[in-house]
Amino acid sequence: MNDRINTLLGGRRERLSHLLGRYLSPSWGPSAPAHVREHLLEEATDLYWNELEWEHITGDAGTGDGEIERAFAGLLAFVRGLLLRGLSPSGEDTEPRPEVVEELLQFLATRVLELDERISTGATEDEPEKMQRELDMTDHLLDLVLYQWLELSPQEAARAEAVRSVH
């Protein structure tokens, strides 16, 4: 499965690089201790599951313009915090944690592949519409996290989203 995850993420990075006409590479700093990375990743995945469940309960978000950002606002804010550099609002130096965002991207890619496989094999527990909606939301969320991780400008992200909506 690791090969499929790497292929999915690599293809998305390559597509964005080609679209924007520049090499995209996230900046890396010193890695956090394993227990810190595990804790932060657990917090991120908990946000994903909680916000996804809320969407299943309320049925508010589709996959249209701005809807995924609203559906996963907490997770996307958490990702921005993980990538924050410089001084925090309290005046303390922050240490970005891009390695946690990379692990979150791998989690989301795994989820996309699992959902796609379940849908294609008919293993949807009699809820094919719900599974398809979850796949669409998670797939879009993967792109939004990738835009932040690669530090795309708002204009570049809008361009990527415009191309994404065509496909």
# chains A, B, ... in the order shown; residues from 1 in each chain; ligands from 1
$ residues_around --residues "Ser17 of chain A" --least-positions-apart "6" --cutoff "12 Å" --atoms "only C-alpha atoms" --output "CSV table (one decimal) with all heavy atoms, in the first residue's frame"
chain,number,residue,atom,x,y,z
A,10,GLY,N,2.9,11.7,-4.8
A,10,GLY,CA,3.8,12.1,-5.8
A,10,GLY,C,3.2,12.7,-7.1
A,10,GLY,O,3.6,13.7,-7.6
A,11,GLY,N,2.1,12.0,-7.5
A,11,GLY,CA,1.4,12.5,-8.7
A,11,GLY,C,0.7,13.9,-8.4
A,11,GLY,O,0.7,14.7,-9.3
A,23,TYR,N,9.2,24.3,-9.3
A,23,TYR,CA,9.5,23.2,-8.4
A,23,TYR,C,8.9,23.5,-7.1
A,23,TYR,O,9.1,24.5,-6.5
A,23,TYR,CB,11.0,22.9,-8.3
A,23,TYR,CG,11.3,21.8,-7.4
A,23,TYR,CD1,11.1,20.4,-7.8
A,23,TYR,CD2,11.9,22.0,-6.2
A,23,TYR,CE1,11.4,19.4,-7.0
A,23,TYR,CE2,12.2,20.9,-5.3
A,23,TYR,CZ,12.0,19.6,-5.7
A,23,TYR,OH,12.3,18.6,-4.9
A,24,LEU,N,8.1,22.5,-6.5
A,24,LEU,CA,7.5,22.7,-5.2
A,24,LEU,C,8.1,21.8,-4.2
A,24,LEU,O,8.1,20.6,-4.4
A,24,LEU,CB,6.0,22.4,-5.3
A,24,LEU,CG,5.2,23.3,-6.3
A,24,LEU,CD1,3.8,22.8,-6.4
A,24,LEU,CD2,5.2,24.8,-5.8
A,25,SER,N,8.7,22.4,-3.2
A,25,SER,CA,9.3,21.6,-2.2
A,25,SER,C,9.0,22.2,-0.8
A,25,SER,O,9.3,23.4,-0.6
A,25,SER,CB,10.8,21.5,-2.4
A,25,SER,OG,11.4,20.8,-1.4
A,146,LEU,N,-2.2,19.7,1.1
A,146,LEU,CA,-1.0,19.8,0.2
A,146,LEU,C,-0.7,21.2,-0.2
A,146,LEU,O,0.5,21.6,-0.2
A,146,LEU,CB,-1.2,18.9,-1.0
A,146,LEU,CG,0.0,18.6,-1.9
A,146,LEU,CD1,1.1,18.0,-1.1
A,146,LEU,CD2,-0.4,17.7,-3.1
A,147,TYR,N,-1.7,22.0,-0.5
A,147,TYR,CA,-1.5,23.4,-0.9
A,147,TYR,C,-0.8,24.1,0.3
A,147,TYR,O,0.1,24.9,0.1
A,147,TYR,CB,-2.8,24.1,-1.2
A,147,TYR,CG,-3.6,23.6,-2.3
A,147,TYR,CD1,-4.9,23.9,-2.4
A,147,TYR,CD2,-3.1,22.7,-3.3
A,147,TYR,CE1,-5.8,23.5,-3.4
A,147,TYR,CE2,-3.9,22.2,-4.3
A,147,TYR,CZ,-5.2,22.6,-4.4
A,147,TYR,OH,-6.0,22.1,-5.3
A,150,LEU,N,2.9,22.8,0.8
A,150,LEU,CA,3.8,23.3,-0.2
A,150,LEU,C,3.8,24.9,-0.3
A,150,LEU,O,4.5,25.4,-1.2
A,150,LEU,CB,3.4,22.8,-1.6
A,150,LEU,CG,3.5,21.3,-1.8
A,150,LEU,CD1,2.9,20.8,-3.1
A,150,LEU,CD2,5.0,20.8,-1.7
A,152,LEU,N,1.6,27.2,-1.1
A,152,LEU,CA,1.1,27.9,-2.3
A,152,LEU,C,0.4,29.2,-1.9
A,152,LEU,O,-0.2,29.3,-0.8
A,152,LEU,CB,0.0,27.0,-3.0
A,152,LEU,CG,0.4,26.0,-4.1
A,152,LEU,CD1,1.5,25.1,-3.6
A,152,LEU,CD2,-0.7,25.3,-4.7
A,156,GLU,N,-2.1,30.9,-6.3
A,156,GLU,CA,-1.7,29.6,-6.8
A,156,GLU,C,-2.8,28.5,-6.4
A,156,GLU,O,-3.1,27.6,-7.2
A,156,GLU,CB,-0.3,29.2,-6.3
A,156,GLU,CG,0.8,30.0,-6.9
A,156,GLU,CD,2.1,29.7,-6.3
A,156,GLU,OE1,2.2,29.5,-5.1
A,156,GLU,OE2,3.1,29.8,-7.0
A,157,ALA,N,-3.2,28.6,-5.2
A,157,ALA,CA,-4.2,27.6,-4.7
A,157,ALA,C,-5.5,27.7,-5.5
A,157,ALA,O,-6.1,26.7,-5.9
A,157,ALA,CB,-4.5,27.8,-3.2
A,159,ARG,N,-5.8,28.8,-8.5
A,159,ARG,CA,-5.5,28.3,-9.9
A,159,ARG,C,-5.6,26.7,-9.8
A,159,ARG,O,-6.2,26.1,-10.7
A,159,ARG,CB,-4.2,28.7,-10.3
A,159,ARG,CG,-3.8,28.4,-11.7
A,159,ARG,CD,-2.6,29.2,-12.2
A,159,ARG,NE,-2.0,28.6,-13.3
A,159,ARG,CZ,-0.8,28.7,-13.7
A,159,ARG,NH1,0.0,29.5,-13.0
A,159,ARG,NH2,-0.3,28.2,-14.8
A,160,ALA,N,-5.0,26.1,-8.8
A,160,ALA,CA,-5.0,24.7,-8.7
A,160,ALA,C,-6.5,24.2,-8.5
A,160,ALA,O,-6.9,23.2,-9.0
A,160,ALA,CB,-4.2,24.2,-7.5
$ residues_around --residues "Arg85 of chain A" --least-positions-apart "3" --cutoff "7 Å" --atoms "only C-alpha atoms" --output "VMD selection string"
chain A and resid 94 to 96
$ select_by_dssp --residues "chain A" --states "helix (DSSP H, G or I)" --output "PyMOL selection string"
chain A and resi 2-20+34-58+67-71+73-83+98-121+128-149+154-166
$ atom_distance --atom1 "atom CA of His140 of chain A" --atom2 "atom CA of Gly21 of chain A"
21.7 Å
$ closest_residue --among "A:Glu102, A:Ile119, A:Val163, A:Gly74" --to "His18 of chain A" --atoms "only C-alpha atoms"
A:Val163
$ closest_residue --among "A:Gln155, A:Thr138, A:Gln148, A:Ser31" --to "Trp49 of chain A" --atoms "only C-alpha atoms"
A:Thr138
